[in-house]
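Participant: A single structure is presented below for examination.
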Amino acid sequence: MRGFRFSFNICQADSREAFAQKCRESEEYGYDVVLAADHLGMLAPFPALVAAADATERMRVGTLVLNTSFWNPALLSREILSTDLLTGGRLEVGLGASHMRWQFDEAGIPWDPIGVRAERLETTVTELERHFTTEVGAPPEARGESRAVQRRGFNRTGPPLLIGGVGDRVLRIAAEHADIVSISGVHQMPGKPAGACRLGSAAEAADRVRFVREHAGDRLPDLEWHMLAHAVEVTNDRRATAEKLLTQLGMGISVEDALETPYLLIGTVDEIAEQLVANREKYGFSYITVHQPYIETFAPIIEKLRGS
């Protein structure tokens, strides 16, 4: 069973100094990775990751996750190779197919059906591997050694690859290509506009893990399993806190589901630590991410679980 790794999404910054200080504090708390999303209105991912690596000593950096519909594979490979170099080989690359239609509309990019977006995701993965091993201007068949600093993921041609999602198409791609599989807790609500989502239940998380395991074949023992906790609430009253949280955030699930889902961490420090250990045994989740507002709240749980 893998040891835990802990990470956080950093989405906003008031200044360069404040950003660097937040990264340094998080490293002191024991976080292993700082992650950047790929959403409009947030920090651009690759500059943020270079700055985060520059501000810290050991933390790895990564994307959770890049929207492959926003990226040309050749240009994305340039970003990845440059960031891998400038961070001293500390980069992890997370890719996804996206579920937020409004961002496509805002960017003027066509919103395609999930089948098309999933195909684009898989094409991006295979094209990145090619660009990592082919010099600019050389014919595609002239593949050589990887140009990346790291050669531990992407079939040993580049940084570790995380693929995140919840649907069959994307998770099948993850099973076939990823080093890290992220089981998303966000589910599209049937009959609602694209991007209208609810939080997944414990049963749905187990089903999605089962699906990947069935399709991973010989790759299964080497997979690392990731999850994003959408909230971290330290409390002595789990039910009352869950009720309040659902009222505030409108996650589209019952209180009972909120108390059982792996995507909400509610309870005392000891209870949350126990929940994460149980989730690792049940689902395999050993790589845990929290959102930026919960960095300090989650820190005592990292201390409790460090070395587990």
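Going through the structure tokens in order, the chains are called A, B, and so on, while each chain numbers its residues from 1 and the ligands are numbered from 1 in the order shown.
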At most 8 Å is the cut-off: for each residue in stretch 8-86 of chain A with any atom that close to an atom of stretch 120-138 of chain A, write down the nearest atom pair and the distance in Å rounded to one decimal, counting only C-alpha atoms, chain first then increasing number, as a Markdown table.

Facilitator:
| residue | atom | partner | partner_atom | distance |
| --- | --- | --- | --- | --- |
| A:Thr68 | CA | A:Leu121 | CA | 5.8 |
| A:Ser69 | CA | A:Arg120 | CA | 7.0 |
| A:Asn72 | CA | A:Thr124 | CA | 8.0 |
| A:Pro73 | CA | A:Thr124 | CA | 5.5 |
| A:Ala74 | CA | A:His131 | CA | 6.6 |
| A:Leu76 | CA | A:Leu128 | CA | 7.8 |
| A:Ser77 | CA | A:Leu128 | CA | 5.8 |
| A:Leu81 | CA | A:Phe132 | CA | 7.6 |

Participant: Could the residues in this selection be saved with N, CA, C and O atoms as a compact mmCIF listing (two decimals), in the first residue's frame?

Facilitator:
# COMPACT_ATOMS: atom_id res chain seq x y z
N THR A 68 -7.65 19.85 -22.01
CA THR A 68 -6.95 19.58 -23.27
C THR A 68 -7.60 20.25 -24.47
O THR A 68 -6.94 20.42 -25.50
N SER A 69 -8.85 20.65 -24.36
CA SER A 69 -9.49 21.38 -25.46
C SER A 69 -8.92 22.78 -25.62
O SER A 69 -9.11 23.42 -26.66
N ASN A 72 -3.05 23.18 -27.86
CA ASN A 72 -2.47 22.48 -28.99
C ASN A 72 -1.34 21.59 -28.46
O ASN A 72 -0.49 22.07 -27.70
N PRO A 73 -1.30 20.30 -28.80
CA PRO A 73 -0.29 19.42 -28.22
C PRO A 73 1.15 19.87 -28.42
O PRO A 73 1.98 19.73 -27.53
N ALA A 74 1.47 20.42 -29.58
CA ALA A 74 2.84 20.87 -29.82
C ALA A 74 3.21 22.02 -28.90
O ALA A 74 4.31 22.07 -28.32
N LEU A 76 1.65 22.72 -26.06
CA LEU A 76 1.61 22.22 -24.69
C LEU A 76 2.90 21.49 -24.34
O LEU A 76 3.41 21.62 -23.21
N SER A 77 3.45 20.74 -25.29
CA SER A 77 4.70 20.04 -25.01
C SER A 77 5.81 21.05 -24.71
O SER A 77 6.68 20.81 -23.86
N LEU A 81 7.86 20.86 -21.25
CA LEU A 81 9.32 20.69 -21.25
C LEU A 81 10.01 21.88 -20.59
O LEU A 81 10.98 21.71 -19.84

Participant: Which residues of stretch 64-177 of chain A come within 12 Å of stretch 188-200 of chain A, and for each one, what is the closest pair of atoms and their distance in Å to one decimal, counting only C-alpha atoms, sorted by chain and residue number, as a tab-separated table?

Facilitator:
residue	atom	partner	partner_atom	distance
A:Ser98	CA	A:Gly195	CA	9.1
A:His99	CA	A:Gly195	CA	5.5
A:Met100	CA	A:Gly195	CA	4.7
A:Arg101	CA	A:Ala194	CA	5.9
A:Trp102	CA	A:Gly195	CA	7.7
A:Gln103	CA	A:Gly195	CA	9.8
A:Phe104	CA	A:Gly195	CA	11.0
A:Asp105	CA	A:Ala194	CA	11.5
A:Trp111	CA	A:Ala194	CA	9.7
A:Asp112	CA	A:Ala194	CA	11.0
A:Pro113	CA	A:Ala194	CA	10.1
A:Ile114	CA	A:Ala194	CA	10.5
A:Gly165	CA	A:Gln188	CA	11.3
A:Val166	CA	A:Gly200	CA	9.4
A:Gly167	CA	A:Gln188	CA	9.7

Participant: Residues near A:Pro300, anyone? I mean within 12 Å using only C-alpha atoms, not counting same-chain ones fewer than 2 positions away, as a list in words.

Facilitator: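 Close residues of A:Pro300: Phe6, Ser26, Glu28, Tyr29, Gly30, Tyr31, Val232, Val234, Thr268, Val269, Asp270, Glu271, Ile272, Ala273, Tyr294, Ile295, Glu296, Thr297, Phe298, Ile302, Glu303, Lys304, Leu305 and Arg306 of chain A.
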
Participant: When DSSP works through the backbone of this structure, what residues of stretch 29-195 of chain A end up as alpha helix (DSSP H), shown as a count of residues only?

Facilitator: 62

Participant: Counting only C-alpha atoms, which residue out of A:Gln292, A:Gln12, A:Ser286, A:Ser201 sits closest to A:Gly252?

Facilitator: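 Closest to A:Gly252, using only C-alpha atoms: A:Ser201.
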
Participant: Which polymer residues have any atom within 8 Å of an atom of A:Glu233, counting only C-alpha atoms, with same-chain residues fewer than 6 positions away left out, as a PyMOL selection string?

Facilitator: chain A and resi 241+265-267+297

Participant: Could you save those same residues with all heavy atoms as a short mmCIF file (atom, residue, chain, number, x, y, z; two decimals), in the first residue's frame?

Facilitator:
data_model
loop_
_atom_site.label_atom_id
_atom_site.label_comp_id
_atom_site.auth_asym_id
_atom_site.auth_seq_id
_atom_site.Cartn_x
_atom_site.Cartn_y
_atom_site.Cartn_z
N THR A 241 -22.41 19.82 11.03
CA THR A 241 -21.49 20.49 10.11
C THR A 241 -21.79 20.11 8.67
O THR A 241 -21.75 20.96 7.77
CB THR A 241 -20.04 20.16 10.46
OG1 THR A 241 -19.78 20.56 11.81
CG2 THR A 241 -19.07 20.86 9.53
N LEU A 265 -14.27 15.89 3.88
CA LEU A 265 -13.56 15.47 5.08
C LEU A 265 -14.13 16.26 6.26
O LEU A 265 -13.87 17.46 6.39
CB LEU A 265 -12.07 15.72 4.92
CG LEU A 265 -11.42 15.02 3.72
CD1 LEU A 265 -9.94 15.39 3.62
CD2 LEU A 265 -11.60 13.50 3.78
N ILE A 266 -14.92 15.57 7.08
CA ILE A 266 -15.65 16.22 8.17
C ILE A 266 -15.44 15.43 9.45
O ILE A 266 -15.64 14.21 9.47
CB ILE A 266 -17.16 16.30 7.86
CG1 ILE A 266 -17.42 17.00 6.52
CG2 ILE A 266 -17.91 17.01 8.97
CD1 ILE A 266 -18.86 16.92 6.05
N GLY A 267 -15.04 16.11 10.52
CA GLY A 267 -14.87 15.44 11.81
C GLY A 267 -13.72 16.03 12.59
O GLY A 267 -13.16 17.08 12.22
N THR A 297 -6.29 24.37 7.67
CA THR A 297 -7.19 23.44 8.35
C THR A 297 -6.71 22.00 8.24
O THR A 297 -6.80 21.22 9.19
CB THR A 297 -8.61 23.55 7.77
OG1 THR A 297 -9.06 24.90 7.86
CG2 THR A 297 -9.59 22.63 8.50
#

Participant: Please provide the set of residues having any atom within 10 Å of A:Ala53, restricted to only C-alpha atoms, with same-chain residues fewer than 6 positions apart removed, written as a list in words.

Facilitator: Ala20, Cys23, Arg24, Val33, Val34, Met59, Arg60, Val61, Thr83, Leu86, Thr87, Gly88, Gly89, Arg90 and Leu91 of chain A

Participant: Between A:Pro262, A:Leu66, A:Arg172, A:Ile253, which one has atoms that come closest to A:Glu281, using only C-alpha atoms?

Facilitator: A:Pro262

Participant: At a cut-off of 9 Å, using only C-alpha atoms, what residues contact A:Phe211? Leave out same-chain residues fewer than 6 positions from it and give the result as a PDB file with C-alpha atoms, in the first residue's frame.

Facilitator:
ATOM      1  CA  ASP A 168     -16.160   5.671 -18.780  1.00  0.00           C
ATOM      2  CA  LEU A 171     -11.309   6.707 -17.114  1.00  0.00           C
ATOM      3  CA  ARG A 172     -10.541   4.117 -19.789  1.00  0.00           C
ATOM      4  CA  ALA A 175      -6.376   3.150 -17.143  1.00  0.00           C
TER       5      ALA A 175
END
